[in-house]
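Enquirer: Below is the structure I would like to discuss, written out as structure tokens.
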Amino acid sequence: MAYVTTTVSGTPSDSFQLDRDEMRIGRHPECDIVVDAGAVSRYHAKLLGRDKTWTIEDLGSRNGTFVNGQLLTRAHKLVPGDRIRISEVELVYHERDPESAVEGTVPEFARGTNQMSFDGSNFGIQMVDDGDAQVVSSSKVEFRSSDDGLKMTATPEAKLAALIAINRNLTGAISLDAVLPKVLTGLFEVFPSADRGFVVMETPDGTLVPRWVKTRKKADETETVRISRTIIRKTMESSETILSLDAMDDSRFDSSESIADFSIRSMMCAPLHDGDGNSIGALQIDSTQGRGQFRDEDIDLLTGVAAQASVVINNARLHEQSLRQKEVEVDLKLATEVQQAFLPSTSPDVPTFRLESFYQAANHIGGDYFDYVELPEGRYGVVVADVVGHGVAAAMYMAKLAAETRFCLASEPDLAKAVERLNDSMSRLGVERFVTYLLVVIDPHSDEISIVNAGHMPPIVRRAGDGTIEEPGEEESGLPIAIDEGMSYEVTTCRFEEGDLAVLYTDGVNEAMDENDEEWGTDPLREIVRKTIALPGTEESAAEIVKERIVQDAYKHIGNADQFDDMCLVVIERTEAKLRRSSSNETVDVDFDKTRSNLSSLSDTHEIEESDEANDILE
């Protein structure tokens with residue numbers, strides 16, 4: 001009967017038999033496989049069994065179902081080893097019954113079987129139907145006599161047939177759990193005197209983990225399956241296949257108590273290697289029947305099988321890495337979409353101003369940040385910032401910075417104090433990252449812009465009148481955000497009239513590097529800002545032209561080299577003179593004059609004088 005095993009965030013969780021034709025997966029208690037996580041839909045997906053095959057379908061879930069790293073868009077026929085991911089839960093499809101047990105002990109469910117697999121992460125045991133391996137045909141076995149008595153050995157024909165079968169099973173295999181038990185079954189046919197067989201793998205932290213175990217006799221509920229670390233370690237350290245006629249008396253193992261305790265007599269153990277020749281585990285068969293069950297010529301045979309198994313293991317690892325990489329790529333794509341949602345999709349419509357922006361992360365997602373924050377009285381805060389580093393961590397930090405920026409500017413009218421509050425809030429996170437930060441506030445009713453600089457490059461300002469370049473606020477710049485609490489910042493004002501232009505940028509622009517690691521520099525950037533103007537009769541604004549030329553020239557400098565850092569750019573253009581605040585007051589003055597005139601006429605007509613009350617009204 002088919003089943004699925006589950007892991008949550010990499011930790012093994014449970015297993016479920018597929019004992020009905022339809023099994024639903026989701027958060028609702030009525031589901032057959034309940035996944036209690038917020039990102040999982042109530043009815044997320046379903047498994048359908050037809051004619052001994054199983055398919056999986058997504059039930060319109062909001063976060064999707066992934067099979068082997070690919071988003072599921074239609075029904076998918078499952079094969080052993082397929083990995084189904086729903087939120088942080090992964091289900092692996094198998095075709096045979098699962099169970100689990102305490103490390104090393106054959107549990108109640110394993111009675112009557114002679115082959116078990118150990119889960120690599122929690123040493124659980126899974127029951128595997130392997131009845132064909134319990135019997136060795138007499139036509140494939142010959143008996144030989146020795147000083148130690150009568151020994152069983154497979155005929156040369158049987159060995160050849162078993163080796164061909166093992167080689168066939170290993171060729172092109174990408175799933176260890178599907179192949180390794182067949183390898184052990186084939187070895188039991190090659191070595192009929194073997195009582196036990198093991199495949200042991202070493203984890204990255206150096207722990208030895210049994211992946212598959214096979215025993216000749218059926219397991220008893222009181223029996224304990226134990227493997228000698230002494231033998232495995234010796235084989236891995238020497239990188240050679242070890243043959244011992246009597247392990248209990250073998251001086252190479254220093255009379256290990258574990259070997260004596262396990263009653264290991266004859267044994268062979270061959271190392272498993274990765275693609276670089278490093279030992280990653282071992283393949284062992286042993287016997288408790290007496291000494292001399294294996295011979296010298298058997299070493300080459302087991303070594304060859306171990307070499308083939310090593311290839312399969314490496315292929316399986318590469319396959320698993322490929323699947324994980326695909327999952328990472330899917331996650332990064334989603335993260336990119338989320339980050340794009342944080343950044344402004346369009347520029348705000350601010351009277352007398354034109355705003356243009358450009359953003360390109362070095363990788364899928366970046367740590368640069370820009371935003372337009374609406375402020376009272378028609379003002380806008382234009383923010384450009386650069387979180388140290390790039391990638392997922394920088395992007396997450398950027399998201400927090402974006403939220404805190406909006407809160408601080410909304411709750412504190414004093415710009416310097418707002419940035420000081422932002423610095424204190426980000427510093428309290430205790431994350432070892434800092435942010436260079438530039439805030440420019442534009443006001444349609446003013447011919448000045450306000451600047452607060454926290455360790456960032458100052459804006460490049462071009463005067464419309466004479467084309468001169470200024471970089472205001474550099475001397476007043478404070479320390480970057482999140483270095484420490486209690487920092488002070490200053491507000492710098494700068495004249496900004498019709499035709500003036502300001503460029504805010506991150507260092508990914510001016511420090512863009514070519515194949516020779518030469519930076520583009522700030523001077524070419526200043527020169528573009530100084531010379532670029534809008535041509536008469538064209539629809540493009542000066543801000544748009546400047547943005548396009550900066551981006552074009554920066555990437556032209558990069559050439560065939562990879563983009564080294566995130567690039568962010570905002571261009572501010574003053575298209576008209578400031579709006580006059582007095583227009584509304586003039587209208588009010590006219591109304592008051594009209595009111596005073598009416599009252600005077602009323603006084604002349606009815607011969608009444610302006611009372612104190614009337615004067616109060618006119619004040």
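Residues in the structure tokens are numbered from 1 in each chain, the chains being A, B, ... in the order shown, and ligands are numbered from 1 in the order shown.
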Among region 309-370 of chain A, which ones does DSSP place in strand (DSSP E or B), written as a PyMOL selection string?

Expert: chain A and resi 353-360+368-370

Enquirer: If you keep N, CA and C atoms, can you produce a file of those selected residues as a short mmCIF file (atom, residue, chain, number, x, y, z; two decimals), in the first residue's frame?

Expert:
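The resulting file, again.cif, is shown below:
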```cif
data_model
loop_
_atom_site.label_atom_id
_atom_site.label_comp_id
_atom_site.auth_asym_id
_atom_site.auth_seq_id
_atom_site.Cartn_x
_atom_site.Cartn_y
_atom_site.Cartn_z
N PHE A 353 6.35 69.43 -9.93
CA PHE A 353 7.49 68.52 -9.87
C PHE A 353 7.28 67.35 -10.83
N ARG A 354 8.40 66.78 -11.29
CA ARG A 354 8.39 65.54 -12.07
C ARG A 354 9.36 64.58 -11.40
N LEU A 355 8.92 63.34 -11.13
CA LEU A 355 9.74 62.33 -10.45
C LEU A 355 9.93 61.12 -11.35
N GLU A 356 11.18 60.66 -11.47
CA GLU A 356 11.52 59.45 -12.23
C GLU A 356 12.39 58.55 -11.37
N SER A 357 12.24 57.22 -11.51
CA SER A 357 13.01 56.29 -10.67
C SER A 357 13.47 55.08 -11.47
N PHE A 358 14.50 54.44 -10.94
CA PHE A 358 15.02 53.19 -11.53
C PHE A 358 15.52 52.32 -10.38
N TYR A 359 15.21 50.99 -10.46
CA TYR A 359 15.66 50.05 -9.42
C TYR A 359 16.00 48.73 -10.08
N GLN A 360 17.20 48.20 -9.79
CA GLN A 360 17.60 46.89 -10.29
C GLN A 360 18.50 46.22 -9.26
N ASP A 368 18.77 47.76 -1.61
CA ASP A 368 18.52 49.18 -1.86
C ASP A 368 17.03 49.47 -1.70
N TYR A 369 16.73 50.73 -1.42
CA TYR A 369 15.34 51.07 -1.09
C TYR A 369 15.07 52.51 -1.52
N PHE A 370 13.90 52.74 -2.12
CA PHE A 370 13.45 54.11 -2.35
C PHE A 370 11.94 54.14 -2.14
#
```

Enquirer: Need the shell around Gly277 (chain A): protein/DNA/RNA residues with any atom at most 12 Å away, counting only C-alpha atoms. Skip same-chain ones fewer than 6 positions apart. Format as number ranges by chain?

Expert: A: 236, 239-240, 271, 307, 310-311, 314

Enquirer: I'd like the neighbourhood of Ala561 (chain A) as a list in words, where a residue qualifies if any of its atoms comes within 9 Å (using only C-alpha atoms), though same-chain residues fewer than 2 positions away should be ignored.

Expert: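 Once the nearby chain positions are removed, what remains is Met513, Asp514, Glu515, Asn516, Asp517, Ile558, Gly559, Gln563 and Phe564 of chain A.
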
Enquirer: Please write the residues from the selection above to a file, keeping C-alpha atoms, as a PDB file, in the first residue's frame.

Expert:
```pdb
ATOM      1  CA  MET A 513      32.453  47.858 -12.100  1.00  0.00           C
ATOM      2  CA  ASP A 514      33.562  46.493 -15.435  1.00  0.00           C
ATOM      3  CA  GLU A 515      35.426  43.263 -16.188  1.00  0.00           C
ATOM      4  CA  ASN A 516      38.670  44.854 -14.969  1.00  0.00           C
ATOM      5  CA  ASP A 517      37.103  45.825 -11.608  1.00  0.00           C
ATOM      6  CA  ILE A 558      29.690  47.248 -16.817  1.00  0.00           C
ATOM      7  CA  GLY A 559      29.720  45.544 -20.205  1.00  0.00           C
ATOM      8  CA  GLN A 563      26.271  43.535 -11.821  1.00  0.00           C
ATOM      9  CA  PHE A 564      28.144  43.803  -8.529  1.00  0.00           C
TER      10      PHE A 564
END
```

Enquirer: Can you list, as an MDAnalysis selection string, every protein, DNA or RNA residue that comes within 9 Å of region 318-333 of chain A when you count only C-alpha atoms, leaving out same-chain residues fewer than 2 positions away?

Expert: chainID A and resid 66 68:71 83 174:175 313:316 335:338 364:365 392

Enquirer: Give me the residues within 12 Å of Gly281 (chain A) as a ChimeraX atom specification, counting only C-alpha atoms and dropping any in the same chain fewer than 3 places off.

Expert: /A:198-204,206-212,229,231-241,269-274,277-278,284,306-307,309-310,313-314

Enquirer: Of the residues A:Val183, A:Met487, A:Ala416, A:Leu501, which is the one nearest to Gly465 (chain A), using only C-alpha atoms?

Expert: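 Ranked by minimum distance to Gly465 (chain A), first place goes to A:Leu501.
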
Enquirer: Smallest atom-to-atom distance to Ala362 (chain A): which of A:Ala394, A:Val89, A:Val35, A:Met267, using only C-alpha atoms?

Expert: A:Ala394

Enquirer: Which residue is closest to Arg433 (chain A)? Choose from A:Glu474, A:Ile285, A:Val67, A:Ile483 and count only C-alpha atoms.

Expert: A:Ile483

Enquirer: Within 8 Å of region 372-388 of chain A, counting only C-alpha atoms, which residues show up once you throw out same-chain ones fewer than 2 positions away? Write them as number ranges by chain, please.

Expert: A: 344, 347-348, 350, 367-370, 390, 394, 397-398, 406, 409-410, 433-444, 456, 504-506, 568-570

Enquirer: For N, CA and C atoms, I'd like the residues from the last selection saved as a CSV table (one decimal), in the first residue's frame.

Expert:
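And here's result.csv as it stands now:
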```
chain,number,residue,atom,x,y,z
A,344,PRO,N,7.6,51.7,-4.8
A,344,PRO,CA,6.6,52.4,-5.6
A,344,PRO,C,6.5,51.9,-7.0
A,347,SER,N,5.3,56.9,-10.0
A,347,SER,CA,5.6,58.2,-9.3
A,347,SER,C,4.4,59.0,-8.9
A,348,PRO,N,4.4,59.6,-7.8
A,348,PRO,CA,3.2,60.4,-7.4
A,348,PRO,C,3.1,61.7,-8.3
A,350,VAL,N,2.9,65.2,-8.2
A,350,VAL,CA,3.1,66.3,-7.3
A,350,VAL,C,3.1,67.6,-8.2
A,367,GLY,N,19.0,45.0,-1.4
A,367,GLY,CA,18.9,45.8,-0.1
A,367,GLY,C,18.7,47.3,-0.4
A,368,ASP,N,18.8,47.8,-1.6
A,368,ASP,CA,18.5,49.2,-1.9
A,368,ASP,C,17.0,49.5,-1.7
A,369,TYR,N,16.7,50.7,-1.4
A,369,TYR,CA,15.3,51.1,-1.1
A,369,TYR,C,15.1,52.5,-1.5
A,370,PHE,N,13.9,52.7,-2.1
A,370,PHE,CA,13.4,54.1,-2.3
A,370,PHE,C,11.9,54.1,-2.1
A,390,HIS,N,23.5,42.6,0.2
A,390,HIS,CA,22.3,42.4,-0.6
A,390,HIS,C,21.9,41.0,-0.5
A,394,ALA,N,19.2,41.3,3.4
A,394,ALA,CA,19.1,42.8,3.2
A,394,ALA,C,17.7,43.2,2.8
A,397,TYR,N,15.5,43.3,5.8
A,397,TYR,CA,15.8,44.5,6.6
A,397,TYR,C,15.3,45.7,6.0
A,398,MET,N,15.3,45.8,4.6
A,398,MET,CA,14.8,46.9,3.9
A,398,MET,C,13.3,47.0,4.1
A,406,ARG,N,7.8,55.2,7.2
A,406,ARG,CA,6.5,55.8,7.0
A,406,ARG,C,5.9,56.2,8.4
A,409,LEU,N,7.9,59.4,9.9
A,409,LEU,CA,7.5,60.6,9.2
A,409,LEU,C,6.1,61.0,9.4
A,410,ALA,N,5.2,60.1,9.6
A,410,ALA,CA,3.8,60.4,9.9
A,410,ALA,C,3.6,60.9,11.3
A,433,ARG,N,23.6,45.2,11.0
A,433,ARG,CA,23.5,45.9,9.6
A,433,ARG,C,23.3,47.3,9.8
A,434,PHE,N,23.8,48.2,8.9
A,434,PHE,CA,23.5,49.6,9.0
A,434,PHE,C,23.0,50.0,7.6
A,435,VAL,N,22.4,51.3,7.6
A,435,VAL,CA,21.8,51.8,6.4
A,435,VAL,C,22.3,53.2,6.1
A,436,THR,N,22.8,53.5,4.9
A,436,THR,CA,23.0,54.8,4.5
A,436,THR,C,21.6,55.3,4.0
A,437,TYR,N,21.2,56.6,4.4
A,437,TYR,CA,19.8,57.0,4.2
A,437,TYR,C,19.8,58.5,3.8
A,438,LEU,N,19.0,58.8,2.8
A,438,LEU,CA,18.9,60.2,2.3
A,438,LEU,C,17.4,60.5,2.2
A,439,LEU,N,17.0,61.6,2.9
A,439,LEU,CA,15.6,62.0,2.8
A,439,LEU,C,15.6,63.4,2.2
A,440,VAL,N,14.8,63.6,1.1
A,440,VAL,CA,14.6,64.9,0.5
A,440,VAL,C,13.1,65.2,0.5
A,441,VAL,N,12.7,66.3,1.1
A,441,VAL,CA,11.3,66.7,1.2
A,441,VAL,C,11.1,67.8,0.2
A,442,ILE,N,10.1,67.6,-0.7
A,442,ILE,CA,9.7,68.6,-1.7
A,442,ILE,C,8.4,69.2,-1.4
A,443,ASP,N,8.2,70.5,-1.7
A,443,ASP,CA,7.0,71.2,-1.3
A,443,ASP,C,6.6,72.1,-2.5
A,444,PRO,N,5.4,71.9,-3.1
A,444,PRO,CA,5.0,72.7,-4.2
A,444,PRO,C,4.8,74.1,-3.9
A,456,HIS,N,24.8,59.0,3.6
A,456,HIS,CA,24.6,58.7,2.2
A,456,HIS,C,25.3,59.7,1.3
A,504,LEU,N,19.2,61.5,-6.8
A,504,LEU,CA,19.5,60.7,-5.6
A,504,LEU,C,19.8,59.3,-6.1
A,505,TYR,N,20.9,58.7,-5.6
A,505,TYR,CA,21.4,57.5,-6.1
A,505,TYR,C,22.1,56.7,-5.0
A,506,THR,N,22.2,55.4,-5.2
A,506,THR,CA,23.0,54.5,-4.3
A,506,THR,C,24.3,54.2,-5.0
A,568,CYS,N,20.0,51.9,-7.6
A,568,CYS,CA,18.7,52.6,-7.3
A,568,CYS,C,19.0,54.1,-7.6
A,569,LEU,N,18.0,54.7,-8.3
A,569,LEU,CA,18.1,56.0,-8.8
A,569,LEU,C,16.8,56.7,-8.7
A,570,VAL,N,16.7,58.0,-8.2
A,570,VAL,CA,15.5,58.8,-8.3
A,570,VAL,C,15.9,60.2,-8.8
```

Enquirer: Can you list, as a PyMOL selection string, every protein, DNA or RNA residue that comes within 12 Å of Asp523 (chain A) when you count only C-alpha atoms, leaving out same-chain residues fewer than 2 positions away?

Expert: chain A and resi 460+469+509-511+519-521+525-530+550+554

Enquirer: Just write the chosen residues, N, CA, C and O atoms, as a PDB file, in the first residue's frame.

Expert:
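This is the output file result29.pdb:
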```pdb
ATOM      1  N   ILE A 460      22.853  65.196  -6.182  1.00  0.00           N
ATOM      2  CA  ILE A 460      23.514  66.037  -7.181  1.00  0.00           C
ATOM      3  C   ILE A 460      22.459  66.997  -7.738  1.00  0.00           C
ATOM      4  O   ILE A 460      21.495  66.564  -8.375  1.00  0.00           O
ATOM      5  N   ILE A 469      26.672  72.679 -10.773  1.00  0.00           N
ATOM      6  CA  ILE A 469      26.358  71.488  -9.991  1.00  0.00           C
ATOM      7  C   ILE A 469      26.642  71.764  -8.519  1.00  0.00           C
ATOM      8  O   ILE A 469      27.687  72.305  -8.165  1.00  0.00           O
ATOM      9  N   VAL A 509      25.364  52.579  -8.434  1.00  0.00           N
ATOM     10  CA  VAL A 509      25.420  53.325  -9.693  1.00  0.00           C
ATOM     11  C   VAL A 509      26.838  53.817  -9.951  1.00  0.00           C
ATOM     12  O   VAL A 509      27.472  53.455 -10.945  1.00  0.00           O
ATOM     13  N   ASN A 510      27.358  54.638  -9.055  1.00  0.00           N
ATOM     14  CA  ASN A 510      28.682  55.228  -9.300  1.00  0.00           C
ATOM     15  C   ASN A 510      29.818  54.212  -9.117  1.00  0.00           C
ATOM     16  O   ASN A 510      30.901  54.384  -9.664  1.00  0.00           O
ATOM     17  N   GLU A 511      29.578  53.129  -8.362  1.00  0.00           N
ATOM     18  CA  GLU A 511      30.615  52.117  -8.157  1.00  0.00           C
ATOM     19  C   GLU A 511      30.420  50.891  -9.047  1.00  0.00           C
ATOM     20  O   GLU A 511      31.009  49.837  -8.801  1.00  0.00           O
ATOM     21  N   GLU A 519      35.785  51.057 -11.383  1.00  0.00           N
ATOM     22  CA  GLU A 519      34.509  51.692 -11.091  1.00  0.00           C
ATOM     23  C   GLU A 519      34.157  52.736 -12.155  1.00  0.00           C
ATOM     24  O   GLU A 519      35.037  53.368 -12.749  1.00  0.00           O
ATOM     25  N   TRP A 520      32.869  52.924 -12.358  1.00  0.00           N
ATOM     26  CA  TRP A 520      32.393  53.937 -13.298  1.00  0.00           C
ATOM     27  C   TRP A 520      32.715  55.335 -12.766  1.00  0.00           C
ATOM     28  O   TRP A 520      33.170  56.201 -13.494  1.00  0.00           O
ATOM     29  N   GLY A 521      32.451  55.554 -11.489  1.00  0.00           N
ATOM     30  CA  GLY A 521      32.812  56.821 -10.870  1.00  0.00           C
ATOM     31  C   GLY A 521      31.660  57.805 -10.797  1.00  0.00           C
ATOM     32  O   GLY A 521      30.643  57.682 -11.483  1.00  0.00           O
ATOM     33  N   LEU A 525      28.730  60.591 -13.777  1.00  0.00           N
ATOM     34  CA  LEU A 525      27.352  60.808 -13.330  1.00  0.00           C
ATOM     35  C   LEU A 525      27.055  62.306 -13.249  1.00  0.00           C
ATOM     36  O   LEU A 525      26.010  62.778 -13.738  1.00  0.00           O
ATOM     37  N   ARG A 526      27.967  63.071 -12.660  1.00  0.00           N
ATOM     38  CA  ARG A 526      27.777  64.532 -12.556  1.00  0.00           C
ATOM     39  C   ARG A 526      27.707  65.158 -13.952  1.00  0.00           C
ATOM     40  O   ARG A 526      26.910  66.087 -14.183  1.00  0.00           O
ATOM     41  N   GLU A 527      28.545  64.676 -14.868  1.00  0.00           N
ATOM     42  CA  GLU A 527      28.588  65.255 -16.202  1.00  0.00           C
ATOM     43  C   GLU A 527      27.273  65.044 -16.943  1.00  0.00           C
ATOM     44  O   GLU A 527      26.793  65.938 -17.663  1.00  0.00           O
ATOM     45  N   ILE A 528      26.673  63.871 -16.778  1.00  0.00           N
ATOM     46  CA  ILE A 528      25.368  63.614 -17.408  1.00  0.00           C
ATOM     47  C   ILE A 528      24.319  64.560 -16.838  1.00  0.00           C
ATOM     48  O   ILE A 528      23.519  65.143 -17.574  1.00  0.00           O
ATOM     49  N   VAL A 529      24.319  64.743 -15.522  1.00  0.00           N
ATOM     50  CA  VAL A 529      23.348  65.633 -14.888  1.00  0.00           C
ATOM     51  C   VAL A 529      23.557  67.069 -15.367  1.00  0.00           C
ATOM     52  O   VAL A 529      22.594  67.803 -15.632  1.00  0.00           O
ATOM     53  N   ARG A 530      24.815  67.478 -15.507  1.00  0.00           N
ATOM     54  CA  ARG A 530      25.114  68.868 -15.876  1.00  0.00           C
ATOM     55  C   ARG A 530      24.707  69.172 -17.314  1.00  0.00           C
ATOM     56  O   ARG A 530      24.177  70.251 -17.607  1.00  0.00           O
ATOM     57  N   ILE A 550      21.832  57.935 -17.502  1.00  0.00           N
ATOM     58  CA  ILE A 550      22.637  57.403 -16.399  1.00  0.00           C
ATOM     59  C   ILE A 550      22.618  55.879 -16.422  1.00  0.00           C
ATOM     60  O   ILE A 550      23.663  55.222 -16.335  1.00  0.00           O
ATOM     61  N   ALA A 554      25.866  53.583 -17.303  1.00  0.00           N
ATOM     62  CA  ALA A 554      26.364  52.714 -16.235  1.00  0.00           C
ATOM     63  C   ALA A 554      26.466  51.271 -16.718  1.00  0.00           C
ATOM     64  O   ALA A 554      27.487  50.588 -16.497  1.00  0.00           O
TER      65      ALA A 554
END
```

Enquirer: Per DSSP on the backbone, filter region 244-395 of chain A down to the residues in alpha helix (DSSP H) and report them as an MDAnalysis selection string.

Expert: chainID A and resid 257:262 297:342 392:395

Enquirer: Considering only C-alpha atoms, can you say which of A:Thr352, A:Asp466, A:Glu490, A:Ser450 comes closest to Glu573 (chain A)?

Expert: A:Thr352

Enquirer: From the options A:Leu343, A:Val491, A:Ala512, A:Ile86, which residue's atoms come nearest to Ala39 (chain A), counting only C-alpha atoms?

Expert: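 Looking only at the distances to Ala39 (chain A), the closest residue turns out to be A:Ile86.
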
Enquirer: Suppose you want the space between CA of Ala45 (chain A) and CA of Asn63 (chain A); what is it in Å?

Expert: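 Spanning CA of Ala45 (chain A) to CA of Asn63 (chain A) is a straight-line distance of 11.1 Å.
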